[in-house]
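Novice: File follows, work.txt with compact mmCIF, C-alpha atoms:
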# COMPACT_ATOMS: atom_id res chain seq x y z
CA MET A 1 -21.54 14.10 0.25
CA THR A 2 -21.45 15.17 3.88
CA ALA A 3 -20.02 18.54 4.88
CA VAL A 4 -18.19 17.03 7.86
CA PRO A 5 -14.58 18.39 7.67
CA TYR A 6 -12.80 15.04 7.88
CA ARG A 7 -9.03 14.84 8.25
CA PHE A 8 -7.26 12.18 6.21
CA PHE A 9 -4.12 10.10 6.71
CA ASP A 10 -3.43 8.52 3.33
CA THR A 11 -1.52 5.32 4.08
CA HIS A 12 -1.11 4.21 0.46
CA THR A 13 0.48 6.41 -2.23
CA HIS A 14 2.99 5.54 -4.95
CA PHE A 15 5.39 7.48 -7.15
CA LEU A 16 5.95 6.38 -10.72
CA GLN A 17 8.86 6.95 -13.03
CA GLY A 18 8.49 9.54 -15.75
CA THR A 19 7.56 12.51 -13.58
CA PRO A 20 10.47 14.44 -12.02
CA LEU A 21 10.57 14.33 -8.23
CA ASP A 22 10.19 18.07 -7.75
CA ARG A 23 7.16 18.17 -10.07
CA SER A 24 5.79 15.09 -8.28
CA ALA A 25 5.94 16.85 -4.94
CA GLU A 26 3.86 19.68 -6.36
CA ILE A 27 1.30 17.19 -7.71
CA TYR A 28 0.97 15.61 -4.26
CA LYS A 29 0.60 19.05 -2.65
CA GLN A 30 -2.39 19.70 -4.90
CA LEU A 31 -3.91 16.28 -4.31
CA PHE A 32 -3.55 16.55 -0.56
CA ALA A 33 -5.03 20.04 -0.49
CA LEU A 34 -8.02 18.96 -2.59
CA THR A 35 -8.71 15.95 -0.33
CA ASN A 36 -7.89 17.50 3.06
CA THR A 37 -5.09 14.97 3.45
CA GLU A 38 -3.07 16.01 6.49
CA LYS A 39 -0.65 13.06 6.61
CA ALA A 40 0.56 10.68 3.90
CA ALA A 41 2.73 7.60 3.53
CA PHE A 42 4.87 7.07 0.43
CA LEU A 43 5.30 3.39 -0.45
CA SER A 44 8.46 2.22 -2.20
CA LEU A 45 8.56 -0.45 -4.94
CA PRO A 46 12.34 -0.79 -5.26
CA ASN A 47 12.87 -3.70 -7.63
CA SER A 48 13.45 -3.53 -11.36
CA PHE A 49 11.16 -6.41 -12.35
CA ALA A 50 7.43 -7.17 -12.40
CA GLU A 51 5.77 -4.01 -11.08
CA GLY A 52 8.77 -2.66 -9.23
CA LEU A 53 10.19 0.73 -10.20
CA GLY A 54 13.87 0.48 -9.34
CA PRO A 55 16.27 0.73 -6.38
CA PHE A 56 16.03 4.52 -6.11
CA GLN A 57 12.47 4.21 -4.82
CA ASN A 58 13.58 3.81 -1.22
CA ILE A 59 15.47 7.10 -1.02
CA GLU A 60 12.79 8.82 -3.10
CA ALA A 61 10.28 7.76 -0.44
CA LEU A 62 12.48 9.48 2.14
CA TYR A 63 12.58 12.59 -0.05
CA PHE A 64 8.78 12.79 -0.12
CA LYS A 65 8.62 12.04 3.59
CA ASP A 66 10.93 14.95 4.37
CA PHE A 67 9.30 17.27 1.82
CA PHE A 68 6.00 16.86 3.69
CA SER A 69 7.57 16.83 7.15
CA PRO A 70 6.29 16.53 9.83
CA ASN A 71 3.34 14.87 8.09
CA GLY A 72 5.19 12.54 5.69
CA TYR A 73 5.99 8.85 6.20
CA ALA A 74 8.14 6.45 4.17
CA PHE A 75 7.55 2.72 3.70
CA ALA A 76 10.63 0.84 2.50
CA GLY A 77 10.61 -2.12 0.13
CA LEU A 78 12.80 -5.21 0.00
CA ILE A 79 15.33 -5.52 -2.83
CA HIS A 80 15.76 -9.03 -4.22
CA ASN A 81 19.13 -10.44 -5.25
CA PHE A 82 18.55 -13.57 -7.32
CA SER A 83 22.23 -14.51 -7.25
CA LEU A 84 22.00 -15.33 -3.53
CA ASP A 85 21.15 -18.75 -2.16
CA ALA A 86 18.17 -19.06 0.18
CA GLU A 87 20.09 -18.58 3.43
CA SER A 88 22.05 -15.61 2.10
CA GLN A 89 18.90 -13.95 0.75
CA SER A 90 17.16 -14.43 4.08
CA LEU A 91 20.06 -12.77 5.87
CA ASP A 92 20.22 -10.01 3.27
CA PHE A 93 16.51 -9.22 3.72
CA LEU A 94 17.10 -9.05 7.48
CA HIS A 95 20.07 -6.73 6.99
CA GLN A 96 17.94 -4.51 4.76
CA VAL A 97 15.16 -4.06 7.30
CA GLU A 98 17.65 -3.48 10.11
CA THR A 99 19.21 -0.74 7.97
CA TYR A 100 15.91 0.76 6.86
CA PHE A 101 14.55 1.12 10.36
CA SER A 102 17.67 2.77 11.65
CA SER A 103 17.65 5.17 8.68
CA GLY A 104 14.25 6.82 8.86
CA PHE A 105 11.66 4.45 7.41
CA ASP A 106 8.38 4.10 9.28
CA ALA A 107 7.09 0.79 7.91
CA LEU A 108 7.72 -1.90 5.30
CA LYS A 109 5.63 -2.41 2.16
CA MET A 110 5.70 -5.80 0.45
CA LEU A 111 4.30 -6.21 -3.05
CA GLU A 112 5.60 -9.78 -2.93
CA GLY A 113 2.09 -11.17 -2.46
CA LYS A 114 0.86 -9.75 -5.78
CA PRO A 115 0.61 -12.46 -8.47
CA THR A 116 2.89 -10.62 -10.92
CA MET A 117 5.59 -10.48 -8.23
CA ARG A 118 4.94 -14.10 -7.31
CA LYS A 119 5.68 -15.13 -10.88
CA ALA A 120 8.85 -13.05 -11.01
CA THR A 121 10.28 -14.27 -7.69
CA ASN A 122 8.73 -17.75 -7.45
CA LEU A 123 8.43 -17.07 -3.70
CA LYS A 124 5.44 -17.67 -1.48
CA LEU A 125 4.98 -15.26 1.40
CA THR A 126 5.54 -18.26 3.65
CA ASP A 127 8.97 -18.90 2.13
CA TYR A 128 11.86 -19.30 4.57
CA LYS A 129 13.61 -16.31 2.97
CA PHE A 130 11.09 -13.91 4.52
CA ASP A 131 10.85 -15.45 7.97
CA ARG A 132 13.71 -13.53 9.62
CA THR A 133 12.21 -10.31 8.27
CA PHE A 134 8.79 -11.07 9.73
CA SER A 135 10.39 -12.00 13.07
CA PHE A 136 12.32 -8.73 13.18
CA LEU A 137 9.21 -6.69 12.40
CA GLU A 138 7.17 -8.58 14.98
CA GLU A 139 9.78 -8.28 17.72
CA ASN A 140 10.19 -4.54 17.14
CA GLY A 141 6.54 -3.65 16.57
CA ILE A 142 7.30 -2.28 13.08
CA PRO A 143 4.24 -1.97 10.82
CA LEU A 144 4.04 -3.97 7.60
CA THR A 145 1.68 -3.54 4.66
CA ILE A 146 1.34 -6.42 2.21
CA HIS A 147 -0.38 -6.47 -1.16
CA ASN A 148 -1.55 -10.07 -1.26
CA ALA A 149 -3.46 -11.68 -4.13
CA ASP A 150 -5.64 -9.59 -6.47
CA PRO A 151 -9.36 -9.28 -7.28
CA ALA A 152 -11.10 -12.61 -7.88
CA THR A 153 -11.92 -11.50 -11.43
CA PHE A 154 -8.21 -11.58 -12.30
CA TRP A 155 -8.41 -15.37 -12.34
CA ASP A 156 -11.07 -15.23 -15.10
CA LEU A 157 -10.19 -13.49 -18.36
CA SER A 158 -13.86 -13.11 -19.28
CA LYS A 159 -14.45 -10.91 -16.24
CA MET A 160 -11.42 -8.62 -16.60
CA LEU A 161 -11.38 -5.11 -18.03
CA PRO A 162 -9.27 -4.67 -21.18
CA SER A 163 -6.92 -2.35 -19.25
CA GLU A 164 -6.39 -5.03 -16.57
CA ILE A 165 -5.49 -7.61 -19.21
CA GLU A 166 -3.18 -5.12 -20.92
CA ASN A 167 -1.38 -4.56 -17.60
CA GLY A 168 -0.58 -8.28 -17.42
CA TRP A 169 -2.71 -8.94 -14.35
CA TYR A 170 -4.37 -12.15 -15.52
CA CYS A 171 -3.69 -14.94 -13.01
CA ASP A 172 -3.11 -18.00 -15.14
CA PRO A 173 -3.35 -21.60 -13.86
CA SER A 174 0.34 -21.66 -12.89
CA LEU A 175 -0.50 -19.36 -9.97
CA PRO A 176 -2.19 -20.28 -6.68
CA THR A 177 -5.84 -19.40 -6.28
CA LYS A 178 -6.88 -16.27 -4.42
CA ASP A 179 -8.03 -18.41 -1.48
CA GLU A 180 -4.68 -20.22 -1.36
CA MET A 181 -2.87 -16.90 -1.28
CA PHE A 182 -5.05 -15.74 1.60
CA GLU A 183 -4.16 -18.89 3.54
CA GLU A 184 -0.48 -17.94 3.22
CA VAL A 185 -1.24 -14.76 5.15
CA MET A 186 -2.94 -16.77 7.86
CA ILE A 187 0.12 -19.03 8.12
CA ILE A 188 2.32 -15.95 8.56
CA MET A 189 0.05 -14.76 11.35
CA GLN A 190 0.12 -18.16 13.04
CA ARG A 191 3.92 -17.97 13.03
CA HIS A 192 4.03 -14.28 14.02
CA PRO A 193 0.80 -13.54 15.94
CA ARG A 194 1.92 -10.09 17.15
CA LEU A 195 2.91 -8.86 13.70
CA HIS A 196 1.50 -5.40 12.92
CA LEU A 197 0.20 -6.48 9.51
CA THR A 198 -2.08 -4.44 7.26
CA LEU A 199 -3.43 -5.98 4.07
CA ALA A 200 -3.81 -3.51 1.22
CA HIS A 201 -7.11 -3.22 -0.68
CA TYR A 202 -9.08 -4.95 2.10
CA GLY A 203 -6.82 -7.95 1.49
CA PHE A 204 -9.08 -8.62 -1.51
CA THR A 205 -11.64 -10.03 0.91
CA SER A 206 -14.52 -7.81 -0.23
CA ASP A 207 -16.14 -10.88 -1.79
CA ALA A 208 -15.21 -13.11 1.16
CA ILE A 209 -16.09 -11.42 4.44
CA HIS A 210 -15.41 -14.64 6.35
CA GLN A 211 -11.73 -14.16 5.48
CA ALA A 212 -11.75 -10.54 6.66
CA LYS A 213 -13.25 -11.72 9.94
CA ARG A 214 -10.62 -14.44 10.40
CA PHE A 215 -7.82 -11.98 9.75
CA LEU A 216 -9.04 -9.22 12.05
CA ASP A 217 -10.67 -11.25 14.82
CA GLY A 218 -7.85 -13.72 15.22
CA TYR A 219 -5.06 -11.25 15.92
CA GLU A 220 -4.56 -8.06 17.89
CA TYR A 221 -2.51 -5.96 15.47
CA THR A 222 -4.02 -6.75 12.07
CA ALA A 223 -5.76 -4.18 9.88
CA LEU A 224 -7.16 -3.69 6.38
CA ASP A 225 -6.52 -0.69 4.21
CA MET A 226 -9.41 0.80 2.25
CA THR A 227 -7.49 1.57 -0.95
CA PRO A 228 -9.98 0.90 -3.74
CA GLY A 229 -9.95 -1.24 -6.75
CA TRP A 230 -13.24 -0.65 -8.52
CA GLU A 231 -14.67 -4.05 -7.53
CA GLN A 232 -14.33 -3.81 -3.75
CA TYR A 233 -17.18 -1.46 -3.06
CA THR A 234 -19.56 -3.18 -5.48
CA ASN A 235 -18.73 -6.50 -3.78
CA MET A 236 -19.39 -5.01 -0.35
CA HIS A 237 -22.65 -3.49 -1.58
CA ALA A 238 -23.76 -6.97 -2.73
CA ASP A 239 -23.23 -8.32 0.81
CA ILE A 240 -24.02 -5.19 2.77
CA GLU A 241 -26.13 -6.95 5.40
CA ASN A 242 -22.87 -8.53 6.60
CA TRP A 243 -20.36 -5.83 5.70
CA LEU A 244 -22.14 -2.91 7.35
CA PRO A 245 -22.18 -4.33 10.91
CA PHE A 246 -18.64 -5.60 10.40
CA LEU A 247 -17.38 -2.16 9.37
CA GLU A 248 -19.16 -0.58 12.32
CA SER A 249 -17.85 -3.09 14.88
CA HIS A 250 -14.30 -3.05 13.49
CA ALA A 251 -13.95 0.65 12.73
CA ASP A 252 -10.66 0.77 14.63
CA ARG A 253 -9.09 -1.80 12.24
CA PHE A 254 -9.37 0.03 8.91
CA LYS A 255 -7.02 2.60 7.34
CA TYR A 256 -7.70 5.05 4.56
CA GLY A 257 -5.59 4.81 1.40
CA THR A 258 -5.96 5.97 -2.18
CA ASP A 259 -3.17 4.65 -4.42
CA PHE A 260 -2.62 8.30 -5.41
CA GLU A 261 0.19 8.53 -7.94
CA ASN A 262 2.29 11.30 -9.44
CA TYR A 263 1.00 11.29 -13.01
CA ASN A 264 2.33 14.42 -14.65
CA VAL A 265 -0.93 16.04 -15.75
CA SER A 266 -1.78 19.69 -16.11
CA ASP A 267 -3.02 21.56 -13.08
CA ASP A 268 -6.46 21.76 -14.71
CA ASP A 269 -6.67 17.95 -14.88
CA ILE A 270 -5.55 17.30 -11.32
CA VAL A 271 -9.14 16.49 -10.30
CA ASN A 272 -8.93 13.34 -12.43
CA HIS A 273 -6.56 11.98 -9.80
CA LEU A 274 -9.27 12.12 -7.16
CA ARG A 275 -11.31 9.14 -8.33
CA PRO A 276 -9.98 6.67 -5.69
CA SER A 277 -10.82 9.05 -2.87
CA ASN A 278 -14.25 9.70 -4.32
CA ILE A 279 -15.00 5.97 -4.60
CA ILE A 280 -14.30 5.52 -0.89
CA ARG A 281 -16.16 8.61 0.26
CA ASN A 282 -19.19 7.97 -1.94
CA PHE A 283 -19.53 4.56 -0.31
CA MET A 284 -18.83 5.62 3.25
CA GLU A 285 -20.54 9.02 3.42
CA THR A 286 -23.62 8.94 1.16
CA ASP A 287 -26.83 6.95 0.92
CA THR A 288 -27.14 7.32 -2.85
CA GLU A 289 -26.20 5.12 -5.81
CA HIS A 290 -22.90 5.35 -7.68
CA THR A 291 -21.54 3.52 -10.72
CA ILE A 292 -18.05 2.18 -11.50
CA HIS A 293 -17.37 0.49 -14.86
CA GLY A 294 -21.07 -0.19 -15.26
CA HIS A 295 -21.43 -1.71 -11.78
CA THR A 296 -23.66 0.01 -9.22
CA TYR A 297 -23.19 0.39 -5.49
CA ARG A 298 -25.04 2.37 -2.84
CA GLY A 299 -23.43 4.37 -0.07
CA ILE A 300 -23.82 3.30 3.56
CA ASN A 301 -23.62 6.76 5.22
CA LEU A 302 -21.48 5.51 8.10
CA ASP A 303 -21.41 7.44 11.37
CA SER A 304 -18.92 10.31 11.27
CA SER A 305 -17.17 9.25 14.49
CA LEU A 306 -16.40 5.85 12.95
CA LEU A 307 -15.23 7.43 9.72
CA GLN A 308 -12.79 9.72 11.50
CA LYS A 309 -11.18 6.61 12.99
CA MET A 310 -10.90 4.98 9.57
CA TYR A 311 -9.82 8.12 7.74
CA TYR A 312 -7.22 9.36 10.22
CA GLU A 313 -7.05 8.20 13.81
CA ASN A 314 -6.22 4.52 13.29
CA ALA A 315 -3.22 5.28 11.10
CA ALA A 316 -2.03 8.14 13.31
CA LYS A 317 -2.03 5.76 16.28
CA GLU A 318 -0.25 2.99 14.34
CA TYR A 319 2.53 5.07 12.78
CA GLY A 320 3.04 7.68 15.51
CA ASN A 321 5.62 10.38 14.89
CA PRO A 322 7.77 10.00 11.75
CA LYS A 323 11.21 8.51 12.43
CA PRO A 324 14.27 10.78 11.97
CA ILE A 325 15.98 10.41 8.59
CA SER A 326 19.63 9.46 8.21
CA LYS A 327 21.34 11.70 5.66
CA ALA A 328 24.29 9.29 5.73
CA PHE A 329 22.05 6.50 4.42
CA ILE A 330 20.79 8.72 1.60
CA ALA A 331 24.29 9.85 0.67
CA ALA A 332 25.54 6.25 0.57
CA GLU A 333 22.61 5.15 -1.60
CA ILE A 334 23.19 8.00 -4.06
CA GLU A 335 26.90 7.21 -4.26
CA LYS A 336 26.15 3.52 -4.86
CA HIS A 337 23.59 4.03 -7.61
CA LEU A 338 24.72 7.18 -9.39
CA PRO A 339 27.21 5.42 -11.74
CA ILE A 340 24.46 3.21 -13.21
CA CYS A 341 21.73 5.87 -13.52
CA THR A 342 19.89 7.00 -16.59
CA GLU A 343 19.79 10.76 -17.16
CA GLU A 344 16.25 10.88 -15.78
CA GLU A 345 17.36 9.04 -12.65
CA LYS A 346 20.39 11.31 -12.26
CA TYR A 347 18.09 14.31 -12.28
CA ASP A 348 15.90 12.82 -9.56
CA LEU A 349 18.91 11.92 -7.44
CA SER A 350 20.18 15.48 -7.84
CA VAL A 351 16.82 16.69 -6.50
CA VAL A 352 17.21 14.37 -3.50
CA ALA A 353 20.80 15.48 -2.91
CA ALA A 354 19.90 19.17 -3.10
CA HIS A 355 16.93 18.73 -0.81
CA PHE A 356 19.07 17.12 1.88
CA SER A 357 22.03 19.50 1.23
CA LEU A 358 24.34 16.61 0.30
Would you mind giving the structure from this file in structure tokens?

Specialist:
Amino acid sequence: MTAVPYRFFDTHTHFLQGTPLDRSAEIYKQLFALTNTEKAAFLSLPNSFAEGLGPFQNIEALYFKDFFSPNGYAFAGLIHNFSLDAESQSLDFLHQVETYFSSGFDALKMLEGKPTMRKATNLKLTDYKFDRTFSFLEENGIPLTIHNADPATFWDLSKMLPSEIENGWYCDPSLPTKDEMFEEVMIIMQRHPRLHLTLAHYGFTSDAIHQAKRFLDGYEYTALDMTPGWEQYTNMHADIENWLPFLESHADRFKYGTDFENYNVSDDDIVNHLRPSNIIRNFMETDTEHTIHGHTYRGINLDSSLLQKMYYENAAKEYGNPKPISKAFIAAEIEKHLPICTEEEKYDLSVVAAHFSL
């Protein structure tokens, strides 16, 4: 791998339950030091169904943001209330984003396009309930990252890894196809053409470059994040005669991301966390072959000036300086949720409260 001292802005990290917040912060410190990550965004998954991790995620994102200040960023997530009718839920989502972006969040993350979330909510991304939210984000230039669809193999059990099946990621016939889910994104962009929308994991277009071209070429503020699933870089390798010139000509429309998580491993095992970063860098910075789950891909050795845009500059330009955090918002959230916490959650909230001197 090249010796170029790249700087990284990781736009896609998550924090799981089961590892205390203070220990998690130390894990991230190690990961960021090992990968030369200068800035990082912490993405909240605040629901208690499908792949969400609970309502405390939003204030935990602010904790990590402040812990790594001035280089931390927090992406809020929408909380669903299934007791509300469509109009009330639409207004509630709008109220949430208005509150989030006056309280210190830097962007919104929506997992609502992931098939497991689709099944849980029975909501398309084009549903009326989200439209006020998209309008607010568009009008205020607030960045949005959406996880939409999944790898094409998830629609075919015979092509899935056992771990993927075990995680419940199979897309059965009750779900839309991957192509249909992509078209929902294009409808959103037709309705909100100035939306600052980033699709996570290349928007799962690595096997469909024509879709990546439609998404990026049709709109001024769209982007793709490079967060890897194992299949993306093997797919791109298989169509490299098209992907290489596209990556070169659109280098200002990609953002680095890893899906780094806070697994509570020993310090000696911390290097096992680095696999996502290595997948990206092996593809982008080498001209040698690499193997993932028995599939081979070759690196493209992209020009270093283009890589620095993808790894750092594009995200730094998009997200700017971190927004100031409202301690009043954090205090109110702790007061609201503390009575219904588990002991583990109470500990984490006490870490948040102590950090912000509440």

Novice: For each of A:His293, A:His355, A:Lys255, A:His201, take the minimum atom-to-atom distance to Lys317 (chain A), counting only C-alpha atoms, then give the residue where this is smallest.

Specialist: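 Of A:His293, A:His355, A:Lys255, A:His201, the one nearest Lys317 (chain A) is A:Lys255, counting only C-alpha atoms.
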
Novice: Env of Arg253 (chain A): 12 Å cut, atoms = all atoms listed in the file, seq-sep filter 6 positions within chain, self excluded. Answer as a PyMOL selection string.

Specialist: chain A and resi 196-199+202+212-213+215-217+219-226+246-247+306-307+309-315+317-318

Novice: Selection from above, C-alpha atoms, as a compact mmCIF listing (two decimals), keeping the file's coordinate frame, can you write it?

Specialist:
# COMPACT_ATOMS: atom_id res chain seq x y z
CA HIS A 196 1.50 -5.40 12.92
CA LEU A 197 0.20 -6.48 9.51
CA THR A 198 -2.08 -4.44 7.26
CA LEU A 199 -3.43 -5.98 4.07
CA TYR A 202 -9.08 -4.95 2.10
CA ALA A 212 -11.75 -10.54 6.66
CA LYS A 213 -13.25 -11.72 9.94
CA PHE A 215 -7.82 -11.98 9.75
CA LEU A 216 -9.04 -9.22 12.05
CA ASP A 217 -10.67 -11.25 14.82
CA TYR A 219 -5.06 -11.25 15.92
CA GLU A 220 -4.56 -8.06 17.89
CA TYR A 221 -2.51 -5.96 15.47
CA THR A 222 -4.02 -6.75 12.07
CA ALA A 223 -5.76 -4.18 9.88
CA LEU A 224 -7.16 -3.69 6.38
CA ASP A 225 -6.52 -0.69 4.21
CA MET A 226 -9.41 0.80 2.25
CA PHE A 246 -18.64 -5.60 10.40
CA LEU A 247 -17.38 -2.16 9.37
CA LEU A 306 -16.40 5.85 12.95
CA LEU A 307 -15.23 7.43 9.72
CA LYS A 309 -11.18 6.61 12.99
CA MET A 310 -10.90 4.98 9.57
CA TYR A 311 -9.82 8.12 7.74
CA TYR A 312 -7.22 9.36 10.22
CA GLU A 313 -7.05 8.20 13.81
CA ASN A 314 -6.22 4.52 13.29
CA ALA A 315 -3.22 5.28 11.10
CA LYS A 317 -2.03 5.76 16.28
CA GLU A 318 -0.25 2.99 14.34

Novice: So which one's closest to Tyr6 (chain A), A:Glu285, A:Tyr100, A:Asp179, A:Thr258? Using all atoms listed in the file, please.

Specialist: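 Counting all atoms listed in the file, the residue closest to Tyr6 (chain A) is A:Glu285.
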
Novice: Can you build me a table of region 228-270 of chain A residues sitting at most 9 Å from region 26-37 of chain A, with the closest atom pair per residue and its distance in Å to one decimal, using all atoms listed in the file, sorted by chain and residue number, as a tab-separated table?

Specialist:
residue	atom	partner	partner_atom	distance
A:Phe260	CA	A:Leu31	CA	8.2
A:Glu261	CA	A:Tyr28	CA	8.0
A:Asn262	CA	A:Ile27	CA	6.2
A:Tyr263	CA	A:Ile27	CA	7.9
A:Asn264	CA	A:Ile27	CA	7.5
A:Val265	CA	A:Ile27	CA	8.4
A:Asp267	CA	A:Ile27	CA	8.2
A:Ile270	CA	A:Leu31	CA	7.3

Novice: Mind giving me the straight-line distance from CA of Gly113 (chain A) to CA of Asp85 (chain A) in Å, one decimal?

Specialist: 20.5 Å

Novice: Kindly extract all protein, DNA and RNA residues lying within 12 Å of the coordinates (19.1, 11.9, -9.6) given in the file, considering only C-alpha atoms, and supply them as a ChimeraX atom specification.

Specialist: /A:17,20-22,55-57,59-60,63,330-331,333-355

Novice: What is the CA of Ile79 (chain A) to CA of Pro46 (chain A) distance in Å?

Specialist: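 CA of Pro46 (chain A) lies at a distance of 6.1 Å from CA of Ile79 (chain A).
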